file data_26.txt (compact mmCIF, C-alpha atoms)
# COMPACT_ATOMS: atom_id res chain seq x y z
CA MET A 1 13.78 -17.20 37.08
CA LYS A 2 13.44 -13.81 38.78
CA PRO A 3 10.07 -12.01 38.33
CA TRP A 4 11.78 -8.80 37.21
CA PHE A 5 13.54 -10.69 34.40
CA VAL A 6 10.26 -12.22 33.22
CA LEU A 7 8.60 -8.77 33.22
CA PHE A 8 11.52 -7.21 31.34
CA SER A 9 11.49 -9.99 28.74
CA ALA A 10 7.74 -9.64 28.21
CA LEU A 11 8.07 -5.86 27.81
CA PHE A 12 10.93 -6.32 25.31
CA LEU A 13 8.87 -8.77 23.21
CA PHE A 14 5.86 -6.41 23.31
CA ILE A 15 7.99 -3.53 22.04
CA GLN A 16 9.45 -5.71 19.29
CA CYS A 17 5.97 -6.78 18.17
CA ARG A 18 4.75 -3.18 18.11
CA GLN A 19 7.79 -2.18 16.06
CA ALA A 20 7.06 -4.98 13.61
CA THR A 21 3.41 -3.91 13.32
CA VAL A 22 3.67 -0.12 12.99
CA PRO A 23 5.62 0.96 9.88
CA PRO A 24 8.04 3.88 10.06
CA ALA A 25 6.89 7.18 8.62
CA PRO A 26 7.45 7.41 4.87
CA SER A 27 10.00 10.13 4.20
CA LEU A 28 11.97 11.48 1.28
CA PRO A 29 15.78 11.54 1.41
CA PRO A 30 16.96 14.84 2.96
CA ALA A 31 18.78 15.75 -0.24
CA TYR A 32 15.79 15.06 -2.50
CA ALA A 33 14.79 18.22 -4.32
CA GLY A 34 13.10 16.68 -7.34
CA ALA A 35 9.56 17.05 -8.59
CA LYS A 36 6.74 15.09 -6.99
CA PRO A 37 4.06 13.34 -9.02
CA LYS A 38 0.39 14.18 -9.01
CA ASN A 39 -0.58 10.72 -10.32
CA VAL A 40 0.91 7.27 -9.70
CA ILE A 41 0.52 4.20 -11.91
CA LEU A 42 1.93 1.03 -10.31
CA LEU A 43 2.26 -1.89 -12.73
CA ILE A 44 2.91 -5.34 -11.25
CA GLY A 45 4.02 -8.23 -13.43
CA ASP A 46 3.13 -11.20 -11.26
CA GLY A 47 5.99 -13.72 -11.39
CA MET A 48 8.11 -11.40 -13.56
CA GLY A 49 11.82 -11.86 -12.85
CA LEU A 50 14.75 -10.64 -14.89
CA THR A 51 14.61 -13.68 -17.15
CA GLN A 52 10.93 -13.12 -17.96
CA VAL A 53 11.83 -9.54 -18.93
CA SER A 54 14.81 -10.76 -20.97
CA ALA A 55 12.74 -13.43 -22.73
CA GLY A 56 10.13 -10.86 -23.72
CA LEU A 57 12.89 -8.57 -24.97
CA TYR A 58 14.70 -11.17 -27.09
CA ALA A 59 11.45 -12.63 -28.44
CA ASN A 60 10.37 -9.14 -29.55
CA ASN A 61 13.24 -8.01 -31.78
CA ASN A 62 15.33 -6.92 -28.77
CA ARG A 63 12.87 -4.23 -27.72
CA LEU A 64 10.44 -3.60 -24.88
CA ARG A 65 8.57 -0.42 -24.00
CA LEU A 66 9.80 -0.58 -20.41
CA GLU A 67 13.28 0.32 -21.73
CA GLN A 68 12.00 3.92 -21.80
CA CYS A 69 12.20 4.02 -18.00
CA THR A 70 14.89 6.22 -16.50
CA ALA A 71 15.41 4.40 -13.19
CA THR A 72 16.15 0.76 -12.41
CA GLY A 73 16.32 -1.09 -9.11
CA LEU A 74 16.04 -4.50 -7.49
CA ILE A 75 13.82 -5.52 -4.60
CA LYS A 76 14.04 -8.30 -2.02
CA THR A 77 10.81 -10.26 -1.98
CA HIS A 78 10.80 -12.42 1.18
CA SER A 79 7.71 -12.39 3.40
CA ALA A 80 7.50 -12.33 7.20
CA SER A 81 6.92 -16.08 7.29
CA HIS A 82 8.96 -17.44 4.37
CA LEU A 83 12.04 -16.66 2.30
CA ILE A 84 9.91 -17.37 -0.76
CA THR A 85 6.82 -15.17 -0.75
CA ASP A 86 3.40 -15.69 -2.25
CA SER A 87 1.48 -12.99 -4.09
CA GLY A 88 -0.67 -12.07 -1.09
CA ALA A 89 2.27 -11.22 1.15
CA GLY A 90 4.16 -9.67 -1.77
CA ALA A 91 1.31 -7.37 -2.79
CA THR A 92 0.53 -6.46 0.83
CA ALA A 93 4.14 -5.30 1.19
CA PHE A 94 3.50 -2.94 -1.76
CA SER A 95 0.05 -1.81 -0.61
CA CYS A 96 0.61 -1.43 3.15
CA GLY A 97 4.38 -1.22 3.62
CA CYS A 98 4.54 -4.13 6.05
CA LYS A 99 5.91 -7.63 5.87
CA THR A 100 3.26 -10.24 6.48
CA TYR A 101 2.78 -14.00 6.31
CA ASN A 102 2.17 -15.92 3.09
CA TYR A 103 -1.47 -15.98 1.89
CA ALA A 104 -2.42 -12.86 3.88
CA ILE A 105 -4.46 -10.18 2.11
CA GLY A 106 -4.20 -6.62 3.44
CA VAL A 107 -3.40 -7.70 7.00
CA ASP A 108 -0.12 -7.58 8.93
CA GLN A 109 1.66 -10.57 10.45
CA HIS A 110 -0.60 -10.28 13.51
CA LYS A 111 -3.68 -10.55 11.25
CA LYS A 112 -4.70 -6.92 11.81
CA ALA A 113 -6.04 -4.98 8.83
CA CYS A 114 -3.55 -2.48 7.44
CA LEU A 115 -4.45 0.69 5.56
CA THR A 116 -3.50 0.44 1.87
CA LEU A 117 -2.16 2.96 -0.61
CA LEU A 118 -5.45 2.79 -2.48
CA GLU A 119 -7.44 3.48 0.69
CA GLN A 120 -5.10 6.34 1.59
CA ALA A 121 -5.54 7.81 -1.88
CA GLU A 122 -9.33 7.57 -1.49
CA GLY A 123 -9.02 9.33 1.86
CA ARG A 124 -7.32 12.21 0.06
CA GLY A 125 -10.11 12.45 -2.48
CA MET A 126 -7.99 10.94 -5.27
CA PRO A 127 -9.74 8.74 -7.84
CA THR A 128 -8.45 5.15 -7.79
CA GLY A 129 -8.33 2.24 -10.21
CA LEU A 130 -7.53 -1.47 -10.37
CA VAL A 131 -6.89 -3.49 -13.53
CA ALA A 132 -5.87 -7.16 -13.64
CA THR A 133 -5.75 -10.11 -16.03
CA SER A 134 -6.88 -12.26 -13.12
CA SER A 135 -10.12 -12.04 -11.16
CA LEU A 136 -10.40 -8.81 -9.17
CA THR A 137 -10.50 -11.03 -6.07
CA HIS A 138 -7.12 -12.62 -6.81
CA ALA A 139 -4.26 -12.03 -4.39
CA THR A 140 -2.56 -9.00 -5.95
CA PRO A 141 -5.54 -6.75 -6.73
CA ALA A 142 -7.30 -7.90 -3.54
CA SER A 143 -4.35 -6.75 -1.40
CA PHE A 144 -5.08 -3.14 -2.35
CA TYR A 145 -8.66 -3.08 -1.02
CA ALA A 146 -9.49 -6.21 1.01
CA HIS A 147 -8.52 -7.35 4.51
CA VAL A 148 -8.81 -11.11 5.06
CA LYS A 149 -6.63 -13.65 6.81
CA GLU A 150 -6.44 -16.08 3.88
CA ARG A 151 -6.44 -15.39 0.14
CA LYS A 152 -8.75 -18.31 -0.58
CA GLU A 153 -11.63 -16.40 1.07
CA THR A 154 -12.64 -15.18 -2.37
CA GLU A 155 -16.22 -14.20 -1.65
CA ALA A 156 -15.22 -12.34 1.53
CA ILE A 157 -12.70 -10.44 -0.61
CA ALA A 158 -15.45 -9.56 -3.10
CA ALA A 159 -17.60 -8.29 -0.23
CA ASP A 160 -14.73 -6.02 0.86
CA PHE A 161 -14.84 -4.40 -2.59
CA LEU A 162 -18.17 -2.86 -1.54
CA LYS A 163 -16.47 -1.21 1.45
CA VAL A 164 -14.27 0.98 -0.75
CA ASP A 165 -15.07 3.37 -3.59
CA ILE A 166 -12.76 2.32 -6.40
CA ASP A 167 -13.59 4.48 -9.39
CA PHE A 168 -12.40 2.23 -12.24
CA ALA A 169 -12.00 -1.55 -12.11
CA VAL A 170 -11.37 -4.11 -14.83
CA GLY A 171 -10.76 -7.83 -14.32
CA GLY A 172 -12.37 -11.22 -13.94
CA GLY A 173 -14.30 -12.72 -11.05
CA LEU A 174 -17.94 -11.82 -11.80
CA ASN A 175 -19.13 -15.07 -10.20
CA TYR A 176 -17.74 -14.04 -6.81
CA PHE A 177 -19.95 -10.95 -6.98
CA ALA A 178 -23.13 -12.26 -8.59
CA ASN A 179 -23.22 -16.07 -8.22
CA ARG A 180 -22.11 -16.51 -4.64
CA THR A 181 -22.22 -19.73 -2.62
CA THR A 182 -21.53 -18.43 0.90
CA ASP A 183 -24.54 -16.07 1.04
CA THR A 184 -27.42 -14.77 -1.07
CA ARG A 185 -25.99 -11.30 -1.73
CA ASN A 186 -25.85 -10.03 -5.30
CA LEU A 187 -22.84 -7.74 -5.17
CA ARG A 188 -23.27 -6.75 -8.80
CA ALA A 189 -26.71 -5.35 -7.98
CA GLU A 190 -25.26 -3.66 -4.88
CA LEU A 191 -22.57 -2.01 -7.01
CA GLU A 192 -25.22 -0.72 -9.40
CA ALA A 193 -27.19 0.58 -6.42
CA LYS A 194 -24.07 2.50 -5.35
CA GLY A 195 -24.03 4.22 -8.72
CA TYR A 196 -21.58 2.02 -10.63
CA VAL A 197 -21.91 1.33 -14.32
CA VAL A 198 -21.31 -2.44 -14.35
CA ARG A 199 -20.61 -4.25 -17.61
CA ASP A 200 -19.16 -7.63 -18.49
CA SER A 201 -17.60 -9.32 -21.50
CA SER A 202 -20.86 -11.03 -22.45
CA GLN A 203 -22.40 -7.58 -22.99
CA SER A 204 -19.58 -5.76 -24.76
CA ALA A 205 -15.85 -5.77 -25.37
CA LEU A 206 -14.02 -3.24 -23.23
CA ALA A 207 -12.65 -1.45 -26.31
CA ALA A 208 -16.21 -0.71 -27.46
CA LEU A 209 -17.10 1.13 -24.24
CA GLN A 210 -16.60 4.77 -23.39
CA PRO A 211 -17.00 5.05 -19.61
CA ASP A 212 -18.58 8.28 -18.41
CA PRO A 213 -16.25 9.80 -15.77
CA ALA A 214 -19.32 11.13 -13.97
CA ARG A 215 -19.98 7.58 -12.71
CA PRO A 216 -17.71 4.83 -11.30
CA PHE A 217 -17.12 2.00 -13.74
CA ILE A 218 -16.41 -1.73 -13.54
CA TRP A 219 -16.05 -4.25 -16.39
CA PHE A 220 -15.82 -7.96 -15.66
CA SER A 221 -13.73 -9.87 -18.17
CA ALA A 222 -14.75 -13.39 -17.04
CA GLY A 223 -16.93 -15.30 -14.61
CA LYS A 224 -13.81 -16.51 -12.84
CA GLU A 225 -10.36 -16.28 -14.43
CA PRO A 226 -9.68 -14.83 -17.90
CA LYS A 227 -7.86 -16.67 -20.70
CA TYR A 228 -4.24 -16.21 -21.73
CA ALA A 229 -3.44 -13.40 -24.17
CA ARG A 230 -2.47 -16.00 -26.80
CA GLU A 231 -6.00 -17.43 -26.49
CA GLY A 232 -7.61 -14.12 -27.42
CA ARG A 233 -7.63 -12.03 -24.23
CA ASP A 234 -6.77 -8.51 -25.35
CA TYR A 235 -8.14 -6.04 -22.81
CA LEU A 236 -5.05 -5.24 -20.69
CA PRO A 237 -3.49 -2.64 -23.03
CA VAL A 238 -6.98 -1.26 -23.72
CA ALA A 239 -7.61 -0.79 -19.99
CA ALA A 240 -4.13 0.69 -19.50
CA ARG A 241 -4.97 3.36 -22.11
CA MET A 242 -8.51 3.95 -20.86
CA ALA A 243 -8.00 4.09 -17.10
CA PRO A 244 -5.58 7.05 -16.74
CA VAL A 245 -7.69 9.25 -19.03
CA TYR A 246 -10.87 8.31 -17.18
CA LEU A 247 -9.32 8.85 -13.73
CA GLN A 248 -7.81 12.17 -14.71
CA LYS A 249 -11.28 13.38 -15.75
CA ARG A 250 -12.79 11.92 -12.58
CA GLY A 251 -11.06 14.37 -10.23
CA GLU A 252 -8.45 17.11 -9.97
CA LYS A 253 -6.43 15.81 -6.99
CA GLY A 254 -4.42 13.24 -8.92
CA PHE A 255 -5.07 9.50 -9.05
CA PHE A 256 -3.67 6.12 -7.98
CA LEU A 257 -3.91 3.21 -10.42
CA MET A 258 -2.65 -0.36 -10.04
CA ILE A 259 -2.37 -2.54 -13.16
CA GLU A 260 -1.39 -6.21 -12.89
CA GLY A 261 -0.16 -8.55 -15.60
CA SER A 262 -1.36 -11.53 -13.57
CA GLN A 263 -0.75 -14.46 -15.86
CA ILE A 264 3.02 -14.27 -16.36
CA ASP A 265 2.99 -16.13 -13.05
CA TRP A 266 0.43 -18.70 -14.16
CA ALA A 267 2.35 -19.61 -17.31
CA CYS A 268 5.58 -19.98 -15.36
CA HIS A 269 3.88 -22.21 -12.78
CA LYS A 270 3.09 -24.49 -15.74
CA ASN A 271 6.62 -24.07 -17.17
CA ASP A 272 4.89 -22.83 -20.32
CA ALA A 273 7.49 -20.62 -22.03
CA ASP A 274 5.29 -19.61 -24.97
CA ASN A 275 2.51 -18.26 -22.78
CA ALA A 276 5.00 -16.71 -20.35
CA ILE A 277 6.47 -14.68 -23.22
CA GLY A 278 3.00 -13.91 -24.58
CA GLU A 279 1.93 -12.57 -21.18
CA MET A 280 5.15 -10.59 -20.83
CA LEU A 281 4.56 -8.89 -24.19
CA ASP A 282 0.92 -8.20 -23.34
CA PHE A 283 2.05 -6.63 -20.06
CA ASP A 284 4.69 -4.58 -21.89
CA ALA A 285 1.99 -3.22 -24.21
CA ALA A 286 0.13 -2.04 -21.10
CA ILE A 287 3.37 -0.53 -19.80
CA GLY A 288 3.70 1.31 -23.10
CA ALA A 289 0.21 2.77 -22.73
CA ALA A 290 1.03 3.99 -19.21
CA LEU A 291 4.33 5.50 -20.35
CA ASP A 292 2.65 7.28 -23.26
CA PHE A 293 0.17 8.86 -20.84
CA ALA A 294 2.95 9.85 -18.43
CA ALA A 295 5.09 11.37 -21.19
CA ALA A 296 2.18 13.51 -22.40
CA ASP A 297 0.96 14.42 -18.92
CA GLY A 298 4.27 15.27 -17.23
CA GLN A 299 2.84 14.77 -13.74
CA THR A 300 2.57 10.98 -13.63
CA LEU A 301 5.00 8.57 -12.01
CA VAL A 302 5.03 5.06 -13.51
CA ILE A 303 6.54 2.21 -11.48
CA ILE A 304 6.90 -1.31 -12.90
CA THR A 305 7.87 -4.24 -10.69
CA ALA A 306 6.94 -7.79 -9.64
CA ASP A 307 5.85 -9.46 -6.44
CA HIS A 308 8.25 -12.39 -7.00
CA GLU A 309 9.81 -14.55 -9.72
CA THR A 310 8.11 -17.78 -10.74
CA GLY A 311 9.56 -20.93 -12.25
CA GLY A 312 13.30 -20.30 -11.96
CA MET A 313 13.16 -19.42 -15.65
CA SER A 314 16.39 -19.38 -17.69
CA ILE A 315 17.36 -18.76 -21.32
CA THR A 316 19.70 -21.58 -22.24
CA GLN A 317 22.42 -22.47 -24.74
CA GLY A 318 21.16 -22.69 -28.31
CA SER A 319 18.93 -19.62 -28.05
CA GLU A 320 18.94 -17.06 -30.82
CA MET A 321 17.29 -13.67 -31.14
CA GLY A 322 13.61 -14.40 -31.73
CA ARG A 323 14.01 -18.12 -31.04
CA LEU A 324 14.64 -18.93 -27.43
CA GLU A 325 15.43 -22.15 -25.60
CA ILE A 326 13.77 -21.84 -22.18
CA GLU A 327 14.17 -24.08 -19.15
CA PHE A 328 12.64 -23.91 -15.68
CA THR A 329 14.02 -25.17 -12.37
CA THR A 330 10.70 -25.34 -10.50
CA GLU A 331 6.94 -25.01 -10.87
CA GLN A 332 6.83 -22.73 -7.83
CA HIS A 333 7.99 -19.25 -6.86
CA THR A 334 11.66 -18.51 -6.17
CA ALA A 335 13.53 -16.17 -3.82
CA SER A 336 15.29 -14.23 -6.59
CA MET A 337 15.26 -10.46 -6.36
CA VAL A 338 13.02 -8.87 -8.99
CA PRO A 339 13.45 -5.68 -11.03
CA VAL A 340 11.94 -2.25 -10.57
CA PHE A 341 11.65 0.28 -13.41
CA ALA A 342 10.39 3.84 -13.03
CA TYR A 343 9.61 6.86 -15.19
CA GLY A 344 8.36 10.34 -14.36
CA PRO A 345 8.56 12.71 -11.36
CA GLY A 346 10.33 10.94 -8.48
CA ALA A 347 11.59 8.04 -10.62
CA GLU A 348 15.16 8.41 -9.33
CA LEU A 349 14.04 7.30 -5.85
CA PHE A 350 13.45 3.81 -7.23
CA ASN A 351 17.10 3.20 -8.14
CA GLY A 352 19.13 0.81 -6.00
CA VAL A 353 18.51 -2.35 -3.99
CA TYR A 354 15.88 -2.32 -1.26
CA ASP A 355 13.08 -4.27 0.37
CA ASN A 356 9.71 -4.74 -1.34
CA THR A 357 8.10 -2.59 1.38
CA GLY A 358 10.20 0.26 -0.03
CA ILE A 359 7.75 0.50 -2.94
CA TYR A 360 5.07 1.57 -0.47
CA TYR A 361 7.30 4.01 1.41
CA LYS A 362 8.60 5.73 -1.72
CA ILE A 363 5.14 6.16 -3.24
CA ALA A 364 3.64 7.28 0.08
CA ALA A 365 6.40 9.82 0.65
CA LEU A 366 6.08 11.27 -2.85
CA LEU A 367 2.30 11.63 -2.44
CA GLY A 368 2.65 13.06 1.06
CA PHE A 369 0.79 10.24 2.84
CA GLU A 370 1.19 9.67 6.58
CA PRO A 371 2.32 6.23 7.83
CA ALA A 372 -0.39 3.67 7.12
CA GLY A 373 -0.25 1.37 10.15
CA ASN A 374 -3.35 -0.56 11.18
CA LYS A 375 -6.94 0.35 10.32
call {"tool": "encode", "arguments": {"input": "data_26.txt", "output": "C-alpha cells"}}
result
Amino acid sequence: MKPWFVLFSALFLFIQCRQATVPPAPSLPPAYAGAKPKNVILLIGDGMGLTQVSAGLYANNNRLRLEQCTATGLIKTHSASHLITDSGAGATAFSCGCKTYNYAIGVDQHKKACLTLLEQAEGRGMPTGLVATSSLTHATPASFYAHVKERKETEAIAADFLKVDIDFAVGGGLNYFANRTTDTRNLRAELEAKGYVVRDSSQSALAALQPDPARPFIWFSAGKEPKYAREGRDYLPVAARMAPVYLQKRGEKGFFLMIEGSQIDWACHKNDADNAIGEMLDFDAAIGAALDFAAADGQTLVIITADHETGGMSITQGSEMGRLEIEFTTEQHTASMVPVFAYGPGAELFNGVYDNTGIYYKIAALLGFEPAGNK
C-alpha cells in the first residue's frame, strides 16, 4: 500500500471523528420569526412511548393534560453504539446534542466530557433545576450535570453534583451523597457548606416546605430509589408546581428546568401495566403543573418527550375505556420512535420527525446558546 494512500486514509478518518465529536452550531430555521422563550421546562417520561401515553389517556377518562400542547413530533432514539438506546445515551443526546455509546453519562462517543444544556444555562447566569422520581444520580438526571464513562459509577456522579451550582433539586439518592462506600466524603455536609438548604423525606414532606429563593435548595426523597406513585410517592406534581415559581424568583435571566417521570420505565421493564399507567398519570399531573405555569407566564416553553420506549407495550383486543388489556413484547427497551409535545414560545419548532439530538439543538437555538462541544 502506498504511503500517500495510508496518510490520506488516516486524515480522512481523523476528520470524520472530529465531525462526529463536534456538534454543528444550533440555529433557527431562516424563516422562523416566532417568539423565543425566556424559560424552558423539559419533561422526560423515561420509557414513555405512544402506547404508554395512550394507556394513560384511556385509563383516565380519555383525557391527559399533555393534550393542551400545540406541537407534536416524533424522535429517533438510537445511540452511537446501538439501535436500541439506554437512558444514559438517550439523555446525553438531549443534554449535549451528541450521539454517544450506551451507558455513557455526559460524555461523547470518544469518552470526552460534553457541555450540557444545564451547564450552558448556568454559564449564562440562569437558575437551573432537576427533578426526578429516581435518584438524582440515575442516568437521566445525571446526564445533565455529570461526566462519567459508565452510569454505574453512582458515587462519582454524586461527586460531580458538587461541581455545578444547580439551584433546585428534588429526587432520591441521599445515600450516594451521605453514606458513601468509595470514600469518606459527606457530600450532604459539603452541599450545606456551599449554602444549600438540604432536606430529606425523613425530616419533612416536600409539600410542607417553602424553599427560600435566596438559597439553593435540595430535597432527597429516598436513601436510594423512591417508591412507585401507587405505593404513596406523591412529590412529582408538587415539585413541578414548586420549582418554576422558585426558579423564577431566583433570577431574572430565565431558567432551565428538567423534570423526569423516571419510573414509567421501571414498571414497563417489569411488564407491570398497573404501575406503568400509575406512573404515566403521575407524570401527566406534573406536566399539567408545568403547563399551568407556562400559560400564566407567557414566556415559558414546555417540551415533553421520552428517551426511549420500554417493554414493547400494546393495548390489545378486549380493552374498553377505563379497563385496558395490556401486553408486552419484551422486558427491555425497544427501538420505536417516541413522541414529542410542546407548548409555549417556539413550540412549533418541535413538530415533525427528527433525531433525539434535535431536542438539544432546538432548545439551544431558542435560548441563543453557542454549540456545546467538549468541555
call {"tool": "residues_around", "arguments": {"input": "data_26.txt", "residues": "Asp272 of chain A", "least_positions_apart": "6", "cutoff": "12 Å", "atoms": "all atoms listed in the file", "output": "PDB file with C-alpha atoms, in the coordinates of the input"}}
result
ATOM      1  CA  GLN A  52      10.930 -13.120 -17.960  1.00  0.00           C
ATOM      2  CA  TYR A 228      -4.240 -16.210 -21.730  1.00  0.00           C
ATOM      3  CA  ARG A 230      -2.470 -16.000 -26.800  1.00  0.00           C
ATOM      4  CA  GLN A 263      -0.750 -14.460 -15.860  1.00  0.00           C
ATOM      5  CA  ILE A 264       3.020 -14.270 -16.360  1.00  0.00           C
ATOM      6  CA  ASP A 265       2.990 -16.130 -13.050  1.00  0.00           C
ATOM      7  CA  TRP A 266       0.430 -18.700 -14.160  1.00  0.00           C
ATOM      8  CA  GLY A 278       3.000 -13.910 -24.580  1.00  0.00           C
ATOM      9  CA  GLU A 279       1.930 -12.570 -21.180  1.00  0.00           C
ATOM     10  CA  THR A 310       8.110 -17.780 -10.740  1.00  0.00           C
ATOM     11  CA  GLY A 311       9.560 -20.930 -12.250  1.00  0.00           C
ATOM     12  CA  MET A 313      13.160 -19.420 -15.650  1.00  0.00           C
ATOM     13  CA  GLU A 325      15.430 -22.150 -25.600  1.00  0.00           C
ATOM     14  CA  ILE A 326      13.770 -21.840 -22.180  1.00  0.00           C
ATOM     15  CA  GLU A 327      14.170 -24.080 -19.150  1.00  0.00           C
ATOM     16  CA  PHE A 328      12.640 -23.910 -15.680  1.00  0.00           C
ATOM     17  CA  THR A 330      10.700 -25.340 -10.500  1.00  0.00           C
ATOM     18  CA  GLU A 331       6.940 -25.010 -10.870  1.00  0.00           C
TER      19      GLU A 331
END
call {"tool": "atom_distance", "arguments": {"input": "data_26.txt", "atom1": "atom CA of Arg65 of chain A", "atom2": "atom CA of Ala306 of chain A"}}
result
16.2 Å
call {"tool": "closest_atom_pairs", "arguments": {"input": "data_26.txt", "of": "segment 246-332 of chain A", "to": "segment 101-119 of chain A", "cutoff": "12 Å", "atoms": "all atoms listed in the file", "output": "Markdown table"}}
result
| residue | atom | partner | partner_atom | distance |
| --- | --- | --- | --- | --- |
| A:Phe255 | CA | A:Leu118 | CA | 9.4 |
| A:Phe256 | CA | A:Leu118 | CA | 6.7 |
| A:Leu257 | CA | A:Leu118 | CA | 8.1 |
| A:Met258 | CA | A:Leu118 | CA | 8.7 |
call {"tool": "closest_residue", "arguments": {"input": "data_26.txt", "among": "A:Leu324, A:Ile287, A:Ala335, A:Leu83", "to": "Val302 of chain A", "atoms": "only C-alpha atoms"}}
result
A:Ile287
call {"tool": "closest_residue", "arguments": {"input": "data_26.txt", "among": "A:Leu187, A:Ala222, A:Ala296, A:Ala139", "to": "Thr154 of chain A", "atoms": "only C-alpha atoms"}}
result
A:Ala139
call {"tool": "residues_around", "arguments": {"input": "data_26.txt", "residues": "Ile157 of chain A", "least_positions_apart": "6", "cutoff": "7 Å", "atoms": "only C-alpha atoms", "output": "PyMOL selection string"}}
result
chain A and resi 137+142+146+148
call {"tool": "closest_residue", "arguments": {"input": "data_26.txt", "among": "A:Glu320, A:Glu192, A:Glu231, A:Asp355", "to": "Asn62 of chain A", "atoms": "only C-alpha atoms"}}
result
A:Glu320
call {"tool": "residues_around", "arguments": {"input": "data_26.txt", "residues": "segment 39-51 of chain A", "least_positions_apart": "3", "cutoff": "9 Å", "atoms": "all atoms listed in the file", "output": "ChimeraX atom specification"}}
result
/A:54-56,87,91,126,140,244,248,253-266,268-269,280,283,286-287,290,294,299-315,333,336-339,363,367
call {"tool": "closest_residue", "arguments": {"input": "data_26.txt", "among": "A:Met242, A:Leu64, A:Ala158, A:Val170", "to": "Glu190 of chain A", "atoms": "all atoms listed in the file"}}
result
A:Ala158
call {"tool": "atom_distance", "arguments": {"input": "data_26.txt", "atom1": "atom CA of Ala80 of chain A", "atom2": "atom CA of Ala364 of chain A"}}
result
21.2 Å
call {"tool": "residues_around", "arguments": {"input": "data_26.txt", "residues": "segment 193-196 of chain A", "least_positions_apart": "4", "cutoff": "10 Å", "atoms": "only C-alpha atoms", "output": "PyMOL selection string"}}
result
chain A and resi 162+165-168+187-189+214-218
call {"tool": "closest_residue", "arguments": {"input": "data_26.txt", "among": "A:Lys38, A:Val164, A:Arg180, A:Glu225", "to": "Asp297 of chain A", "atoms": "all atoms listed in the file"}}
result
A:Lys38
call {"tool": "residues_near_point", "arguments": {"input": "data_26.txt", "point": "(-0.3, 14.8, 3.3)", "cutoff": "12 Å", "atoms": "all atoms listed in the file", "output": "CSV table (one decimal) with C-alpha atoms, in the frame of the given file"}}
result
chain,number,residue,atom,x,y,z
A,25,ALA,CA,6.9,7.2,8.6
A,26,PRO,CA,7.4,7.4,4.9
A,27,SER,CA,10.0,10.1,4.2
A,120,GLN,CA,-5.1,6.3,1.6
A,121,ALA,CA,-5.5,7.8,-1.9
A,123,GLY,CA,-9.0,9.3,1.9
A,124,ARG,CA,-7.3,12.2,0.1
A,125,GLY,CA,-10.1,12.4,-2.5
A,364,ALA,CA,3.6,7.3,0.1
A,365,ALA,CA,6.4,9.8,0.6
A,366,LEU,CA,6.1,11.3,-2.8
A,367,LEU,CA,2.3,11.6,-2.4
A,368,GLY,CA,2.6,13.1,1.1
A,369,PHE,CA,0.8,10.2,2.8
A,370,GLU,CA,1.2,9.7,6.6
A,371,PRO,CA,2.3,6.2,7.8
A,372,ALA,CA,-0.4,3.7,7.1
call {"tool": "atom_distance", "arguments": {"input": "data_26.txt", "atom1": "atom CA of Gly298 of chain A", "atom2": "atom CA of Thr72 of chain A"}}
result
19.4 Å
call {"tool": "residues_near_point", "arguments": {"input": "data_26.txt", "point": "(4.3, -5.4, 4.7)", "cutoff": "10 Å", "atoms": "only C-alpha atoms", "output": "PyMOL selection string"}}
result
chain A and resi 20-23+79-80+89-101+106-109+114+355-358+360+373
call {"tool": "closest_residue", "arguments": {"input": "data_26.txt", "among": "A:Gly318, A:Ala156, A:Asp212, A:Gly173", "to": "Arg250 of chain A", "atoms": "all atoms listed in the file"}}
result
A:Asp212
call {"tool": "decode", "arguments": {"input": "data_26.txt", "residues": "segment 68-79 of chain A", "atoms": "N, CA and C atoms", "output": "JSON list (two decimals), in the first residue's frame"}}
result
[["chain", "number", "residue", "atom", "x", "y", "z"],
["A", 68, "GLN", "N", -53.01, 19.59, 25.88],
["A", 68, "GLN", "CA", -53.03, 21.03, 25.73],
["A", 68, "GLN", "C", -51.88, 21.53, 24.83],
["A", 69, "CYS", "N", -50.91, 20.69, 24.58],
["A", 69, "CYS", "CA", -49.76, 21.10, 23.79],
["A", 69, "CYS", "C", -50.18, 21.42, 22.35],
["A", 70, "THR", "N", -49.48, 22.33, 21.74],
["A", 70, "THR", "CA", -49.83, 22.82, 20.41],
["A", 70, "THR", "C", -48.95, 22.26, 19.31],
["A", 71, "ALA", "N", -47.90, 21.53, 19.67],
["A", 71, "ALA", "CA", -46.99, 20.95, 18.69],
["A", 71, "ALA", "C", -46.72, 19.50, 19.04],
["A", 72, "THR", "N", -46.59, 18.66, 18.01],
["A", 72, "THR", "CA", -46.35, 17.23, 18.22],
["A", 72, "THR", "C", -45.32, 16.74, 17.22],
["A", 73, "GLY", "N", -44.37, 15.96, 17.69],
["A", 73, "GLY", "CA", -43.36, 15.39, 16.82],
["A", 73, "GLY", "C", -43.01, 13.97, 17.23],
["A", 74, "LEU", "N", -42.07, 13.40, 16.50],
["A", 74, "LEU", "CA", -41.53, 12.08, 16.81],
["A", 74, "LEU", "C", -40.01, 12.16, 16.72],
["A", 75, "ILE", "N", -39.32, 11.47, 17.65],
["A", 75, "ILE", "CA", -37.87, 11.45, 17.56],
["A", 75, "ILE", "C", -37.35, 10.03, 17.44],
["A", 76, "LYS", "N", -36.21, 9.93, 16.74],
["A", 76, "LYS", "CA", -35.47, 8.68, 16.58],
["A", 76, "LYS", "C", -34.52, 8.56, 17.76],
["A", 77, "THR", "N", -34.46, 7.38, 18.37],
["A", 77, "THR", "CA", -33.80, 7.28, 19.67],
["A", 77, "THR", "C", -32.48, 6.51, 19.67],
["A", 78, "HIS", "N", -32.02, 6.00, 18.54],
["A", 78, "HIS", "CA", -30.83, 5.16, 18.54],
["A", 78, "HIS", "C", -29.61, 5.89, 19.10],
["A", 79, "SER", "N", -28.68, 5.14, 19.68],
["A", 79, "SER", "CA", -27.45, 5.71, 20.21],
["A", 79, "SER", "C", -26.33, 5.54, 19.18]]
